[in-house]
Structures are given as C-alpha cells and as structure tokens.
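Source file coords-v8.csv; content: CSV, C-alpha atoms and all ligand atoms.
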chain,number,residue,atom,x,y,z
A,1,MET,CA,25.9,-47.8,-30.5
A,2,GLN,CA,28.1,-45.0,-29.4
A,3,ASN,CA,27.3,-43.0,-26.2
A,4,PRO,CA,25.6,-39.8,-26.8
A,5,GLU,CA,27.6,-36.6,-26.6
A,6,SER,CA,25.3,-35.2,-23.9
A,7,PHE,CA,21.8,-35.5,-22.6
A,8,GLN,CA,20.6,-33.4,-25.6
A,9,LEU,CA,23.0,-34.3,-28.4
A,10,PRO,CA,23.8,-37.6,-30.2
A,11,PRO,CA,27.4,-38.8,-30.6
A,12,GLN,CA,29.7,-36.7,-32.7
A,13,LEU,CA,30.5,-39.0,-35.7
A,14,ALA,CA,31.8,-36.4,-38.2
A,15,THR,CA,34.7,-34.0,-37.8
A,16,ASN,CA,32.4,-30.9,-38.1
A,17,ALA,CA,30.1,-32.0,-35.3
A,18,PRO,CA,32.1,-30.4,-32.4
A,19,ASP,CA,31.8,-27.0,-34.2
A,20,VAL,CA,28.0,-27.2,-34.2
A,21,ASP,CA,27.9,-28.5,-30.6
A,22,VAL,CA,30.1,-25.7,-29.3
A,23,LEU,CA,27.7,-23.1,-30.8
A,24,TYR,CA,24.6,-25.0,-29.6
A,25,ASN,CA,25.9,-25.4,-26.0
A,26,PHE,CA,27.1,-21.8,-26.0
A,27,ILE,CA,23.7,-20.4,-27.0
A,28,TYR,CA,21.9,-22.9,-24.7
A,29,TRP,CA,23.9,-22.1,-21.5
A,30,PHE,CA,23.9,-18.3,-22.4
A,31,SER,CA,20.1,-18.5,-22.5
A,32,VAL,CA,19.9,-20.5,-19.3
A,33,ALA,CA,22.1,-18.0,-17.4
A,34,PHE,CA,20.3,-14.9,-18.7
A,35,THR,CA,16.9,-16.4,-18.1
A,36,ALA,CA,17.9,-17.0,-14.4
A,37,LEU,CA,19.5,-13.6,-14.1
A,38,ILE,CA,16.7,-11.6,-15.7
A,39,THR,CA,14.0,-13.5,-13.8
A,40,GLY,CA,16.0,-13.0,-10.6
A,41,PHE,CA,16.2,-9.2,-11.1
A,42,MET,CA,12.5,-9.0,-11.9
A,43,LEU,CA,11.5,-10.8,-8.7
A,44,TYR,CA,13.9,-8.7,-6.7
A,45,PHE,CA,12.5,-5.4,-8.2
A,46,ILE,CA,8.9,-6.5,-7.7
A,47,VAL,CA,9.6,-6.9,-4.0
A,48,LYS,CA,11.9,-3.9,-3.6
A,49,TYR,CA,9.7,-1.4,-5.5
A,50,ARG,CA,6.3,-2.7,-4.4
A,51,ARG,CA,3.7,-0.1,-3.6
A,52,ARG,CA,3.9,1.2,0.0
A,53,PRO,CA,1.8,3.8,1.8
A,54,GLY,CA,3.5,7.2,1.8
A,55,VAL,CA,6.1,6.4,-0.9
A,56,LYS,CA,5.6,8.1,-4.2
A,57,ALA,CA,6.8,6.7,-7.5
A,58,GLN,CA,9.7,8.5,-9.1
A,59,PRO,CA,10.4,8.5,-12.9
A,60,ALA,CA,13.6,6.5,-13.7
A,61,GLY,CA,15.1,9.1,-16.1
A,62,HIS,CA,17.9,8.5,-18.5
A,63,ASN,CA,21.1,6.5,-18.2
A,64,THR,CA,23.4,6.8,-21.2
A,65,VAL,CA,26.0,4.4,-19.9
A,66,LEU,CA,23.4,1.7,-19.4
A,67,GLU,CA,21.8,2.3,-22.8
A,68,VAL,CA,25.1,2.1,-24.7
A,69,ALA,CA,26.1,-1.0,-22.8
A,70,TRP,CA,22.9,-2.9,-23.7
A,71,THR,CA,23.3,-2.0,-27.3
A,72,VAL,CA,27.0,-2.7,-27.7
A,73,LEU,CA,27.3,-5.9,-25.6
A,74,PRO,CA,24.7,-7.9,-27.6
A,75,LEU,CA,26.2,-6.6,-30.8
A,76,ILE,CA,29.6,-8.1,-29.9
A,77,PHE,CA,27.8,-11.3,-28.9
A,78,ILE,CA,25.9,-11.5,-32.3
A,79,VAL,CA,29.1,-10.7,-34.3
A,80,PHE,CA,30.9,-13.5,-32.4
A,81,LEU,CA,28.1,-16.0,-33.1
A,82,PHE,CA,27.9,-15.0,-36.7
A,83,HIS,CA,31.6,-15.3,-37.2
A,84,TYR,CA,31.9,-18.7,-35.5
A,85,GLY,CA,28.7,-20.0,-37.2
A,86,PHE,CA,29.6,-18.8,-40.7
A,87,LYS,CA,33.1,-20.4,-40.4
A,88,ALA,CA,31.5,-23.7,-39.4
A,89,TYR,CA,28.9,-23.5,-42.2
A,90,VAL,CA,31.5,-22.8,-44.9
A,91,ARG,CA,33.5,-25.9,-43.8
A,92,THR,CA,30.5,-28.1,-44.6
A,93,ALA,CA,29.1,-26.2,-47.6
A,94,VAL,CA,32.5,-26.3,-49.5
A,95,ALA,CA,33.9,-29.8,-49.9
A,96,ALA,CA,37.5,-30.4,-49.1
A,97,GLU,CA,40.0,-30.9,-52.0
A,98,GLY,CA,39.7,-34.5,-53.3
A,99,ALA,CA,36.5,-35.3,-51.5
A,100,MET,CA,34.7,-38.5,-52.6
A,101,GLU,CA,31.5,-37.7,-54.4
A,102,ILE,CA,28.5,-39.7,-53.4
A,103,ARG,CA,25.1,-39.3,-55.1
A,104,VAL,CA,22.2,-39.3,-52.7
A,105,MET,CA,18.9,-40.1,-54.6
A,106,ALA,CA,15.7,-39.7,-52.7
A,107,ALA,CA,12.4,-41.1,-53.8
A,108,LYS,CA,9.1,-42.1,-52.0
A,109,TRP,CA,10.2,-43.7,-49.7
A,110,LYS,CA,13.8,-44.8,-50.0
A,111,TRP,CA,17.4,-43.5,-50.2
A,112,ASP,CA,19.8,-44.8,-53.0
A,113,PHE,CA,23.5,-44.1,-52.8
A,114,GLY,CA,25.7,-43.8,-55.9
A,115,TYR,CA,29.4,-44.4,-55.7
A,116,PRO,CA,32.0,-42.8,-58.0
A,117,SER,CA,32.3,-46.2,-59.8
A,118,GLY,CA,28.7,-46.0,-60.8
A,119,ARG,CA,27.6,-48.7,-58.3
A,120,VAL,CA,24.3,-47.9,-56.6
A,121,GLU,CA,23.3,-49.3,-53.3
A,122,PRO,CA,19.9,-48.8,-51.5
A,123,SER,CA,19.5,-47.9,-47.9
A,124,GLU,CA,23.1,-48.5,-46.8
A,125,LEU,CA,26.0,-46.3,-47.6
A,126,THR,CA,29.5,-47.5,-46.8
A,127,LEU,CA,32.2,-44.9,-46.3
A,128,PRO,CA,35.9,-44.9,-45.4
A,129,VAL,CA,36.7,-43.2,-42.1
A,130,GLY,CA,38.6,-39.9,-42.1
A,131,LYS,CA,38.0,-39.2,-45.8
A,132,PRO,CA,36.0,-36.1,-46.8
A,133,VAL,CA,32.8,-36.9,-48.7
A,134,LYS,CA,30.7,-34.5,-50.9
A,135,PHE,CA,27.1,-35.6,-51.1
A,136,ILE,CA,25.2,-34.6,-54.3
A,137,ILE,CA,21.6,-34.8,-53.3
A,138,SER,CA,18.5,-35.1,-55.6
A,139,SER,CA,14.9,-36.1,-55.5
A,140,GLU,CA,12.9,-38.1,-58.0
A,141,ASP,CA,9.6,-36.9,-56.9
A,142,VAL,CA,8.7,-34.6,-53.9
A,143,LEU,CA,10.7,-32.7,-51.3
A,144,HIS,CA,12.7,-34.9,-49.0
A,145,SER,CA,15.5,-34.0,-46.6
A,146,PHE,CA,18.7,-35.8,-46.0
A,147,PHE,CA,19.3,-35.7,-42.3
A,148,VAL,CA,22.4,-37.2,-40.6
A,149,PRO,CA,22.2,-36.2,-36.9
A,150,GLY,CA,25.6,-37.8,-36.1
A,151,ALA,CA,27.2,-35.3,-38.5
A,152,ARG,CA,24.8,-32.5,-37.4
A,153,MET,CA,24.0,-32.1,-41.1
A,154,LYS,CA,20.7,-31.8,-43.0
A,155,LYS,CA,20.0,-30.8,-46.6
A,156,ASP,CA,16.8,-30.8,-48.6
A,157,ALA,CA,16.5,-33.1,-51.6
A,158,VAL,CA,14.6,-30.9,-54.0
A,159,PRO,CA,13.0,-32.2,-57.2
A,160,GLY,CA,14.5,-30.7,-60.3
A,161,MET,CA,17.8,-29.6,-58.8
A,162,TYR,CA,20.9,-30.8,-57.1
A,163,THR,CA,21.9,-29.7,-53.6
A,164,SER,CA,25.1,-30.7,-51.8
A,165,MET,CA,26.7,-30.9,-48.4
A,166,SER,CA,29.9,-32.3,-47.2
A,167,PHE,CA,31.4,-33.9,-44.1
A,168,THR,CA,34.2,-36.2,-43.0
A,169,PRO,CA,33.3,-39.3,-41.0
A,170,ALA,CA,35.3,-39.2,-37.8
A,171,GLN,CA,35.1,-42.7,-36.4
A,172,ILE,CA,34.2,-46.3,-37.4
A,173,GLY,CA,30.6,-47.1,-36.6
A,174,THR,CA,27.1,-46.5,-37.9
A,175,MET,CA,25.3,-43.2,-38.6
A,176,GLN,CA,21.6,-43.1,-38.9
A,177,VAL,CA,20.0,-41.3,-41.8
A,178,PHE,CA,16.4,-39.9,-41.5
A,179,CYS,CA,14.1,-38.1,-43.9
A,180,ALA,CA,13.4,-34.8,-42.3
A,181,GLU,CA,10.8,-33.4,-44.6
A,182,TYR,CA,7.2,-34.8,-44.5
A,183,CYS,CA,6.9,-36.6,-47.8
A,184,GLY,CA,3.8,-38.7,-47.6
A,185,THR,CA,2.5,-42.0,-46.1
A,186,SER,CA,5.8,-43.7,-45.3
A,187,HIS,CA,7.9,-40.7,-44.5
A,188,SER,CA,8.7,-42.1,-41.1
A,189,GLY,CA,10.0,-45.3,-42.7
A,190,MET,CA,12.3,-43.5,-45.0
A,191,LEU,CA,15.5,-44.4,-43.2
A,192,ALA,CA,19.0,-45.4,-44.2
A,193,THR,CA,22.4,-46.1,-42.5
A,194,ILE,CA,25.9,-44.9,-43.2
A,195,LYS,CA,28.4,-47.6,-42.3
A,196,VAL,CA,31.8,-46.1,-41.6
A,197,VAL,CA,34.6,-48.6,-42.1
A,198,SER,CA,38.4,-48.5,-42.3
A,199,GLN,CA,40.0,-47.6,-45.7
A,200,GLU,CA,41.0,-51.2,-46.0
A,201,ASP,CA,37.5,-52.5,-45.5
A,202,PHE,CA,36.1,-49.9,-47.9
A,203,ASP,CA,38.5,-51.0,-50.7
A,204,LYS,CA,37.5,-54.6,-50.1
A,205,PHE,CA,33.8,-53.5,-50.2
A,206,MET,CA,34.3,-51.7,-53.5
A,207,LYS,CA,36.2,-54.7,-55.0
A,208,GLU,CA,33.8,-57.4,-53.9
A,209,GLY,CA,30.9,-55.9,-55.8
A,210,GLU,CA,27.9,-58.1,-55.6
A,211,ASN,CA,28.5,-61.7,-55.0
A,212,PHE,CA,25.3,-63.5,-54.3
A,213,GLU,CA,22.8,-66.2,-55.4
A,214,PRO,CA,19.3,-65.0,-56.3
A,215,THR,CA,17.6,-66.9,-53.5
A,216,ALA,CA,14.5,-66.1,-51.6
A,217,GLU,CA,16.6,-65.1,-48.6
A,218,VAL,CA,18.5,-62.5,-50.6
A,219,GLY,CA,15.1,-61.4,-51.9
A,220,ALA,CA,13.9,-60.9,-48.4
A,221,THR,CA,16.8,-58.6,-47.6
A,222,LEU,CA,16.3,-56.7,-50.8
A,223,TYR,CA,12.7,-56.2,-49.8
A,224,LYS,CA,13.8,-54.3,-46.7
A,225,LYS,CA,16.9,-52.7,-48.1
A,226,ASN,CA,15.0,-51.2,-51.0
A,227,ALA,CA,12.3,-50.1,-48.7
A,228,CYS,CA,9.7,-52.1,-50.6
A,229,ASN,CA,8.2,-52.7,-47.2
A,230,THR,CA,7.2,-49.0,-46.9
A,231,CYS,CA,4.5,-49.7,-49.6
A,232,HIS,CA,4.0,-53.4,-49.9
A,233,SER,CA,3.0,-55.6,-47.0
A,234,ILE,CA,3.7,-59.3,-46.9
A,235,ASP,CA,0.9,-60.2,-44.5
A,236,GLY,CA,-2.0,-58.9,-46.7
A,237,SER,CA,-2.5,-55.6,-44.8
A,238,LYS,CA,-3.4,-52.5,-46.8
A,239,MET,CA,-0.6,-50.2,-47.8
A,240,PRO,CA,0.0,-47.7,-50.7
A,241,GLY,CA,1.0,-50.7,-53.0
A,242,PRO,CA,-0.5,-54.1,-53.6
A,243,THR,CA,0.4,-56.7,-50.9
A,244,TRP,CA,3.0,-59.3,-51.8
A,245,LYS,CA,1.1,-62.0,-49.9
A,246,GLY,CA,0.1,-64.5,-52.5
A,247,ILE,CA,1.2,-62.0,-55.3
A,248,PHE,CA,2.8,-64.6,-57.6
A,249,GLY,CA,0.2,-66.1,-59.9
A,250,ARG,CA,-2.5,-63.9,-58.6
A,251,LYS,CA,-5.1,-62.5,-61.1
A,252,GLU,CA,-5.3,-58.7,-61.0
A,253,THR,CA,-7.4,-56.1,-62.8
A,254,MET,CA,-5.3,-53.2,-64.1
A,255,SER,CA,-6.3,-49.6,-64.1
A,256,ASP,CA,-7.3,-49.8,-67.8
A,257,GLY,CA,-9.8,-52.7,-67.0
A,258,THR,CA,-7.7,-55.5,-68.4
A,259,THR,CA,-6.9,-58.5,-66.3
A,260,LEU,CA,-3.6,-60.4,-66.1
A,261,THR,CA,-1.8,-63.0,-64.1
A,262,ILE,CA,1.2,-61.8,-62.1
A,263,ASP,CA,4.2,-63.6,-63.4
A,264,GLU,CA,8.0,-63.0,-63.8
A,265,ASN,CA,7.6,-60.6,-66.7
A,266,TYR,CA,5.0,-58.5,-65.0
A,267,ILE,CA,7.0,-58.2,-61.8
A,268,LYS,CA,10.2,-57.3,-63.7
A,269,GLU,CA,8.3,-54.6,-65.7
A,270,SER,CA,6.7,-53.3,-62.6
A,271,ILE,CA,10.1,-52.8,-60.9
A,272,GLN,CA,11.7,-51.2,-63.9
A,273,LYS,CA,8.7,-49.3,-65.3
A,274,PRO,CA,6.1,-49.2,-62.5
A,275,GLN,CA,3.7,-47.0,-64.3
A,276,ALA,CA,3.3,-49.4,-67.3
A,277,LYS,CA,0.5,-51.5,-65.8
A,278,VAL,CA,-0.9,-50.3,-62.5
A,279,VAL,CA,-3.2,-52.5,-60.5
A,280,GLN,CA,-6.7,-51.0,-60.2
A,281,GLY,CA,-7.4,-49.1,-57.1
A,282,PHE,CA,-3.8,-48.0,-56.6
A,283,GLN,CA,-2.1,-44.7,-57.3
A,284,PRO,CA,0.8,-44.7,-59.9
A,285,VAL,CA,3.3,-43.4,-57.3
A,286,MET,CA,6.1,-46.1,-57.4
A,287,PRO,CA,9.5,-44.9,-58.6
A,288,PRO,CA,11.4,-47.0,-61.1
A,289,TYR,CA,14.1,-49.2,-59.3
A,290,THR,CA,16.9,-48.7,-61.7
A,291,ASN,CA,19.5,-49.8,-59.1
A,292,LEU,CA,18.2,-53.4,-59.3
A,293,THR,CA,20.0,-55.8,-61.7
A,294,ASP,CA,18.3,-58.8,-63.3
A,295,LYS,CA,19.9,-60.9,-60.5
A,296,HIS,CA,18.3,-58.7,-57.8
A,297,ILE,CA,14.9,-59.0,-59.5
A,298,ASP,CA,15.3,-62.8,-59.7
A,299,ALA,CA,15.9,-62.9,-56.0
A,300,ILE,CA,12.9,-60.7,-55.3
A,301,ILE,CA,10.7,-63.0,-57.5
A,302,ALA,CA,12.0,-66.0,-55.6
A,303,TYR,CA,11.0,-64.3,-52.4
A,304,MET,CA,7.6,-63.4,-53.7
A,305,LYS,CA,7.0,-67.1,-54.5
A,306,THR,CA,7.5,-68.0,-50.9
A,307,LEU,CA,4.8,-65.5,-49.7
A,308,LYS,CA,1.7,-67.7,-50.0
B,1,LIG,CU1,11.1,-38.5,-47.6
B,1,LIG,CU2,10.0,-37.7,-45.7
Here is the file; what I need is its structure written in the form of structure tokens.
Ligand code: CUA
Amino acid sequence: MQNPESFQLPPQLATNAPDVDVLYNFIYWFSVAFTALITGFMLYFIVKYRRRPGVKAQPAGHNTVLEVAWTVLPLIFIVFLFHYGFKAYVRTAVAAEGAMEIRVMAAKWKWDFGYPSGRVEPSELTLPVGKPVKFIISSEDVLHSFFVPGARMKKDAVPGMYTSMSFTPAQIGTMQVFCAEYCGTSHSGMLATIKVVSQEDFDKFMKEGENFEPTAEVGATLYKKNACNTCHSIDGSKMPGPTWKGIFGRKETMSDGTTLTIDENYIKESIQKPQAKVVQGFQPVMPPYTNLTDKHIDAIIAYMKTLK
C-alpha cells in the first residue's frame, strides 16, 4: 500500500492525478484563508462599531474602487480556475495517441475488463506502467460508476451507451476501483483492482493466457473474482440469489412451478443464460457470465460440490 498523498487525498497513481490535486489544494487553502480573513474582519467590526451611547450611526456611502476590486479580482480567480481545470479535464477526456483500449463492462454487481486481444477478465485489470489507457465503459443493466481514486477519475457506466475516460498509470502497484453510483443490494461489494505492472510482466501476462486445472480451489477464486459472492452465499444465508451451500444435487422448484435437480447442465445454463430457469422466490436479475469458459464453469461446479 502506497502512502497517501496527504491527509485528505489518496496516493497519486496516475500521471493526471497531480493536476487534480493542485486544483483541489488551491481551492481548499484559498477557502481556508478567506474564511479566516472574513470571520476575523467580522469579529473586528462587531467590536469596533458596536452601539455606544452618544454615537450615531453613519451611512457607509459608495466606494467605487472597492466595488470594482471585488468584482474584478474574483473574475480573475475564476478564469484561472477554469483555464487550469479545463486543461486538466481535456487531458483525461481525450486519450493520447496510441492509447491501449480497455473495455470496462459493469453489471450488477461486478466489473469485467476486456483487453484488445478479446480476452476478458473479471474483477482484476492488469495494466503496463507508463502506457496511456483509454477505458470504454458500458453497463449491462443499471447505472454504475467506474471510480478510480488513485487516478482521481470517475465516469458513469450508462446502460445503452458507451462512455470513456483515459489515464496513464504512473507507478507499479495496485489501484482500487469502486462503484460510485448506488446500484442495488450489493453496490458496496462492487469492487475491482487495477494491477499496474512493468511492460515485461504485462507481455508475460498477456502471453500466458489462462493455464489452470478446473479444481475446486480455482472455483473458489472464481467465486470471489466474478463477484458471485455478492449474490450467492456459501453458508446458507439469504442473499439476492440461491445459496451455494448444498446446491449441487438439491431439488429446486422453478418460477414456472416445475421441479428439477441441480446438476452440471443446470449450473452451466444458469451461468450462461441465467433467465432460462429461475428458482422460485428469486428475481431474474443475474447477468449472463459470458467471460467464463467451459473450463471456468467446470472449476465452479467442482467448487459447488465441496459446499455441503
Ligand atoms: Cu454498481 Cu453501485
């Protein structure tokens, strides 16, 4: 964990972060100074011009110099803020030449990241340090918001359209991603991380692809990585989706009244087409997990079998 930039701000992990912090600190200290100054003058005048016997109040009259000053000085201040802020905004709104395009796909309640190669990874995005990235953000269901405090960046994921933002990771380490738009029951659990690595490690990561055996251990990691845990408990507690405790081989009644035994085929169908057969008493809210390959699904089934 990197040290925070200040008491109020997290570490600056992207190249545009200092711009935002300069503005933030400027406005902050400007406000602190003026609050102290104005309050000080008010207290001073309260005492100085208090009502005293024998002293009559005099109208203040007109002071052109003063009036021009308090109109023009704030104007200069606002123009400076706008100029600096707009420049900083444009640097993040317009991606640098040759930026790597990353798809950010939001759904209740998970983040999926798509690489230019077509590979999709849930919950963890790996990026090379120092290389500009353009994020193309979309939502499969409701409004979410892709928030990366380390980069001082946030953009809404809006259903039915694409939004974009861009930044360049400045140092090797981990950035936390939050959902910053209330999107339902597990909004607070809609988290992801951005792992910033060297270009060498990134190339290795892209080449390696996915080398794993579909074991229960891998299934357990996929359960967390794909945010299955935001809707399915493994201890029997009630959540938006059926619990995975004892799920394999369980008899369930579907919303259309039919009953079936949960087996490999049902699980696979429910991951790929969640709305096909919904267990009675649950809302049809699960998104399809198209990022999961057959091997992933095998691992998840192996994990489910261990949850007795
Ligand atoms: Cu997604 Cu809040």
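For ligand LIG 1 (chain B), the neighbouring polymer residues at 9 Å or closer are A:Ala106, A:Ala107, A:Lys108, A:Trp109, A:Lys110, A:Trp111, A:Val142, A:Leu143, A:His144, A:Ser145, A:Phe146, A:Ala157, A:Phe178, A:Cys179, A:Ala180, A:Glu181, A:Tyr182, A:Cys183, A:Gly184, A:Thr185, A:Ser186, A:His187, A:Ser188, A:Gly189, A:Met190, A:Leu191, all atoms listed in the file being used.
The smallest atom-to-atom distance between A:Ile78 and any of A:Tyr115, A:Tyr223, A:Thr168, A:Ile27, using only C-alpha atoms, is found for A:Ile27.
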Between atom CA of A:Lys268 and atom CA of A:Lys308 lies a distance of 19.2 Å
Residues at most 7 Å from A:Ser123, counting all atoms listed in the file, excluding those fewer than 3 positions away in the same chain, as a compact mmCIF listing (two decimals) with C-alpha atoms, in the frame of the given file?
# COMPACT_ATOMS: atom_id res chain seq x y z
CA LYS A 110 13.80 -44.80 -50.00
CA TRP A 111 17.40 -43.50 -50.20
CA ASP A 112 19.80 -44.80 -53.00
CA ALA A 192 19.00 -45.40 -44.20
CA THR A 193 22.40 -46.10 -42.50
CA LYS A 225 16.90 -52.70 -48.10
CA ASN A 226 15.00 -51.20 -51.00
Which residues are close to A:Trp244, i.e. within 9 Å by only C-alpha atoms, leaving aside same-chain residues fewer than 3 positions away? Reply as a VMD selection string. chain A and resid 232 to 236 241 247 to 248 304 307 to 308
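Interatomic distance, atom CA of A:Ala14 against atom CA of A:Ser166: 10.1 Å.
The spacing separating atom CA of A:Gly249 from atom CA of A:Thr290 amounts to 24.2 Å.
Ranking A:Pro287, A:Pro214, A:Pro10, A:Gly257 by their shortest atom-to-atom distance to A:Ala302, with only C-alpha atoms included, puts A:Pro214 first.
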